[in-house]
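S.K.: Below is one structure. I have some questions about it.
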Amino acid sequence: MAFVFGAAEDMEWVRDRLISCFGRPEPIHARSPIGQLVKSIISGRTRDEISLAAYRRLVGAYPEWSDLACATAADIEAVIDDVTFPDVKARHLRGALDAIAACRPDFDLTVLGGLSVAKALAWLERLPGVGRKVSASTLNFSTLRMPAFVVDMHILRILRRFGSVPSKADTETAYGLTMETLPDWSAADLAELHVLVKRLGQTICRADRADCRNCPIGRRCLVAPAVSSGERATRRQISIEASSHSAAAARAEAAAAGGARSALRHTAATRKML
Ligand code: SF4
């Protein structure tokens with residue numbers, strides 16, 4: 001039987017392997033939708049502990065969202081000055097809060113729960129500084145608990161290396177393909193997968209070095225078999241090997257272009273069934 005790559009069973013296998021390796025993660029602490037939106041806007045490309053501390057300082061300095069909406073970008077920047085690009089994020093935050101205040105003066109975004117995921121994402125992505133990662137995390141990690149897979153840089157890197165999205169897929173493409181593959185997964189399932197894959201990216205499949213030899217999902221990863229056994233893969237090796245799995249990449253590219261779920265399927269000839 002051919003191995004169906006990119007299908008739900010493949011992601012279930014990834015999840016189970018990661019749980020075996022890391023244990024079952026605790027559920028993500030759910031903030032209010034506006035709280036999660038603010039947290040996500042300031043979190044990009046910043047370590048979790050730093051962005052969490054910055055968020056806590058922000059809500060400490062401005063206990064009401066209406067207070068924060070009155071702060072200047074310079075005020076906000078001064079509070080979050082240790083996150084990456086604090087000036088840009090402060091401006092985005094100001095702009096987003098202004099836009100929300102214009103239609104929701106109480107900053108209550110629970111109304112998004114009455115929309116479809118696609119419409120709620122679109123609503124959020126009209127706000128400054130809100131792309132697919134921020135919008136999806138607002139829906140999935142908050143008390144809204146909507147099924148939207150959060151693709152951060154760790155997850156995008158692993159999905160590309162693993163082969164379930166094209167090697168040059170962007171966040172939106174990776175989001176779309178994953179959601180298409182996992183239409184029946186709950187918000188909690190998707191949040192758990194996010195935490196597990198992110199942990200893999202922080203420990204074993206890092207941006208600059210992938211320890212494929214000790215990777216719990218190496219058996220099915222498209223990069224791992226091509227990397228010389230017994231060695232850790234450098235970024236250059238990963239890049240070369242990732243681009244060499246052309247059959248898989250071509251299928252995934254076709255899926256991205258055409259949105260055809262079936263295009264993500266691998267045959268046994270592309271990769272041996274394990
Ligand atoms: S096998 Fe290597 S490239 Fe693939 S996910 Fe694991 S560490 Fe990353």
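For the structure tokens, the naming scheme is as follows: chains receive sequential letters (A, B, ...) according to their order of presentation, residues are indexed from 1 within each chain, and ligands are indexed from 1 in presentation order.
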Can you pull out every residue with an atom within 7 Å of ligand 1? Use only C-alpha atoms and all ligand atoms and format it as a list of chain:residue names.
M.R.: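 Based on only C-alpha atoms and all ligand atoms, ligand 1 is surrounded within 7 Å by A:Ile158, A:Arg161, A:Phe162, A:Ile204, A:Cys205, A:Ala210, A:Asp211, A:Cys212, A:Cys215, A:Pro216, A:Ile217, A:Gly218, A:Cys221, A:Leu222, A:Val223, A:Ala224, A:Ile238.
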S.K.: Would you kindly return, as a PyMOL selection string, each protein, DNA or RNA residue with an atom no farther than 8 Å from any atom of segment 71-84 of chain A, considering only C-alpha atoms and excluding same-chain residues fewer than 2 positions away?
M.R.: chain A and resi 42-46+50-51+54-55+57-58+67-69+86-87+89-91+93-94
S.K.: Would you list the contacts of Leu97 of chain A as a ChimeraX atom specification, taking every protein, DNA or RNA residue within 9 Å and counting only C-alpha atoms, but skipping same-chain residues closer than 2 positions in sequence?
M.R.: /A:38,65-66,68-69,92-95,99-102,107,127
S.K.: Which distance in Å separates atom CA of Ile34 of chain A and atom CA of Ser135 of chain A, to one decimal?
M.R.: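 Distance between the two atoms: 10.9 Å.
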S.K.: Pick out the residues sitting within 9 Å of segment 12-14 of chain A, and hand them over as an mmCIF file with C-alpha atoms, in the first residue's frame; count only C-alpha atoms, and ignore anything fewer than 5 positions along from it in its own chain.
M.R.:
data_model
loop_
_atom_site.group_PDB
_atom_site.id
_atom_site.type_symbol
_atom_site.label_atom_id
_atom_site.label_comp_id
_atom_site.auth_asym_id
_atom_site.auth_seq_id
_atom_site.Cartn_x
_atom_site.Cartn_y
_atom_site.Cartn_z
ATOM 1 C CA ALA A 7 -2.803 12.947 4.981
ATOM 2 C CA ILE A 19 4.124 12.769 22.366
ATOM 3 C CA LEU A 193 0.195 19.688 17.432
ATOM 4 C CA VAL A 197 6.113 20.547 16.553
ATOM 5 C CA PRO A 216 11.421 11.054 16.499
ATOM 6 C CA ILE A 217 9.886 11.731 13.077
ATOM 7 C CA ARG A 220 9.229 9.602 7.493
#
S.K.: Counting only C-alpha atoms, which of A:Leu52, A:Ile41, A:Leu112, A:Val134 gets nearest to Phe85 of chain A?
M.R.: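 Under the stated criterion, the closest residue is A:Ile41.
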S.K.: Go through A:Gln202, A:Asn214, A:Thr143, A:Thr171 and flag the residue nearest Leu159 of chain A, using only C-alpha atoms for the distances.
M.R.: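 Of all the options, A:Thr171 lies closest to Leu159 of chain A.
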S.K.: DSSP says strand (DSSP E or B) for which residues of segment 59-264 of chain A? Put them as a list in words?
M.R.: Cys205, Arg209, Ala210, Ala233 and Thr234 of chain A
S.K.: Convert the current residue selection to file output with C-alpha atoms, as an mmCIF file, in the first residue's frame.
M.R.:
data_model
loop_
_atom_site.group_PDB
_atom_site.id
_atom_site.type_symbol
_atom_site.label_atom_id
_atom_site.label_comp_id
_atom_site.auth_asym_id
_atom_site.auth_seq_id
_atom_site.Cartn_x
_atom_site.Cartn_y
_atom_site.Cartn_z
ATOM 1 C CA CYS A 205 15.135 20.356 14.203
ATOM 2 C CA ARG A 209 21.228 22.428 12.752
ATOM 3 C CA ALA A 210 18.977 19.414 12.512
ATOM 4 C CA ALA A 233 22.629 18.165 9.165
ATOM 5 C CA THR A 234 23.851 21.672 8.725
#
S.K.: To one decimal place in Å, what is the distance between atom CA of Arg132 of chain A and atom CA of Ser20 of chain A?
M.R.: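 For atom CA of Arg132 of chain A relative to atom CA of Ser20 of chain A, the distance reads 29.4 Å.
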S.K.: Within 12 Å of Ala118 of chain A, counting only C-alpha atoms, which residues show up once you throw out same-chain ones fewer than 3 positions away? Write them as a list of chain:residue names, please.
M.R.: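 In the requested form, the answer reads A:Leu112, A:Gly113, A:Gly114, A:Leu115, A:Leu121, A:Ala122, A:Trp123, A:Leu124, A:Glu125, A:Arg132, A:Ser135, A:Ala136, A:Leu139, A:Met146, A:Pro147, A:Ala148, A:Tyr175, A:Gly176, A:Met179.
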S.K.: Write a file of the selected residues as a PDB file, in the first residue's frame, keeping N, CA and C atoms.
M.R.:
ATOM      1  N   LEU A 112     -16.126  37.294  17.323  1.00  0.00           N
ATOM      2  CA  LEU A 112     -15.512  36.532  16.232  1.00  0.00           C
ATOM      3  C   LEU A 112     -15.905  35.062  16.277  1.00  0.00           C
ATOM      4  N   GLY A 113     -16.255  34.592  17.457  1.00  0.00           N
ATOM      5  CA  GLY A 113     -16.656  33.194  17.599  1.00  0.00           C
ATOM      6  C   GLY A 113     -17.924  32.857  16.838  1.00  0.00           C
ATOM      7  N   GLY A 114     -18.681  33.878  16.450  1.00  0.00           N
ATOM      8  CA  GLY A 114     -19.899  33.636  15.675  1.00  0.00           C
ATOM      9  C   GLY A 114     -19.657  33.566  14.183  1.00  0.00           C
ATOM     10  N   LEU A 115     -18.405  33.819  13.780  1.00  0.00           N
ATOM     11  CA  LEU A 115     -18.061  33.769  12.353  1.00  0.00           C
ATOM     12  C   LEU A 115     -17.423  32.431  12.013  1.00  0.00           C
ATOM     13  N   LEU A 121     -10.588  34.975  10.426  1.00  0.00           N
ATOM     14  CA  LEU A 121      -9.203  35.248  10.019  1.00  0.00           C
ATOM     15  C   LEU A 121      -9.148  36.509   9.169  1.00  0.00           C
ATOM     16  N   ALA A 122     -10.060  36.601   8.223  1.00  0.00           N
ATOM     17  CA  ALA A 122     -10.062  37.762   7.322  1.00  0.00           C
ATOM     18  C   ALA A 122     -10.309  39.049   8.103  1.00  0.00           C
ATOM     19  N   TRP A 123     -11.201  38.997   9.079  1.00  0.00           N
ATOM     20  CA  TRP A 123     -11.486  40.190   9.889  1.00  0.00           C
ATOM     21  C   TRP A 123     -10.219  40.642  10.614  1.00  0.00           C
ATOM     22  N   LEU A 124      -9.549  39.708  11.229  1.00  0.00           N
ATOM     23  CA  LEU A 124      -8.342  40.058  11.987  1.00  0.00           C
ATOM     24  C   LEU A 124      -7.222  40.535  11.075  1.00  0.00           C
ATOM     25  N   GLU A 125      -7.123  39.948   9.904  1.00  0.00           N
ATOM     26  CA  GLU A 125      -5.998  40.279   9.018  1.00  0.00           C
ATOM     27  C   GLU A 125      -6.159  41.629   8.333  1.00  0.00           C
ATOM     28  N   ARG A 132      -1.213  35.755   9.078  1.00  0.00           N
ATOM     29  CA  ARG A 132      -1.889  34.489   9.366  1.00  0.00           C
ATOM     30  C   ARG A 132      -1.483  33.880  10.713  1.00  0.00           C
ATOM     31  N   SER A 135      -3.343  35.989  13.421  1.00  0.00           N
ATOM     32  CA  SER A 135      -4.801  35.784  13.373  1.00  0.00           C
ATOM     33  C   SER A 135      -5.168  34.371  13.844  1.00  0.00           C
ATOM     34  N   ALA A 136      -4.409  33.382  13.387  1.00  0.00           N
ATOM     35  CA  ALA A 136      -4.716  32.004  13.780  1.00  0.00           C
ATOM     36  C   ALA A 136      -4.506  31.799  15.276  1.00  0.00           C
ATOM     37  N   LEU A 139      -7.398  33.147  17.266  1.00  0.00           N
ATOM     38  CA  LEU A 139      -8.586  32.277  17.243  1.00  0.00           C
ATOM     39  C   LEU A 139      -8.359  30.969  18.000  1.00  0.00           C
ATOM     40  N   MET A 146     -10.997  28.296  18.453  1.00  0.00           N
ATOM     41  CA  MET A 146     -11.461  27.928  17.110  1.00  0.00           C
ATOM     42  C   MET A 146     -10.382  27.098  16.414  1.00  0.00           C
ATOM     43  N   PRO A 147     -10.786  26.194  15.525  1.00  0.00           N
ATOM     44  CA  PRO A 147      -9.806  25.334  14.857  1.00  0.00           C
ATOM     45  C   PRO A 147      -9.025  26.085  13.775  1.00  0.00           C
ATOM     46  N   ALA A 148      -7.861  26.566  14.148  1.00  0.00           N
ATOM     47  CA  ALA A 148      -6.981  27.274  13.208  1.00  0.00           C
ATOM     48  C   ALA A 148      -5.549  26.924  13.607  1.00  0.00           C
ATOM     49  N   TYR A 175      -0.435  26.944   6.267  1.00  0.00           N
ATOM     50  CA  TYR A 175      -1.692  26.927   7.029  1.00  0.00           C
ATOM     51  C   TYR A 175      -2.788  26.245   6.204  1.00  0.00           C
ATOM     52  N   GLY A 176      -2.943  26.682   4.953  1.00  0.00           N
ATOM     53  CA  GLY A 176      -4.011  26.158   4.117  1.00  0.00           C
ATOM     54  C   GLY A 176      -3.888  24.669   3.880  1.00  0.00           C
ATOM     55  N   MET A 179      -4.605  22.721   7.189  1.00  0.00           N
ATOM     56  CA  MET A 179      -6.030  22.709   7.528  1.00  0.00           C
ATOM     57  C   MET A 179      -6.821  21.828   6.564  1.00  0.00           C
TER      58      MET A 179
END
S.K.: Nearest residue to Leu190 of chain A out of A:Asp16, A:Gly23, A:Pro33, A:Thr178, using only C-alpha atoms?
M.R.: A:Thr178
S.K.: Can you pull out every residue within 9 Å of Arg157 of chain A, counting only C-alpha atoms, but drop anything in the same chain fewer than 5 positions away, and send it as an NGL selection string?
M.R.: :A and (152 or 162 or 167 or 201 or 205-207)
S.K.: Rounded to one decimal in Å, what is the spacing between atom CA of Arg15 of chain A and atom CA of Lys198 of chain A?
M.R.: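 Result for atom CA of Arg15 of chain A versus atom CA of Lys198 of chain A: 11.5 Å, one decimal.
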S.K.: Can you list every residue in segment 46-115 of chain A that DSSP puts in helix (DSSP H, G or I), as a VMD selection string?
M.R.: chain A and resid 48 to 61 65 to 70 73 to 79 86 to 103 110 to 114
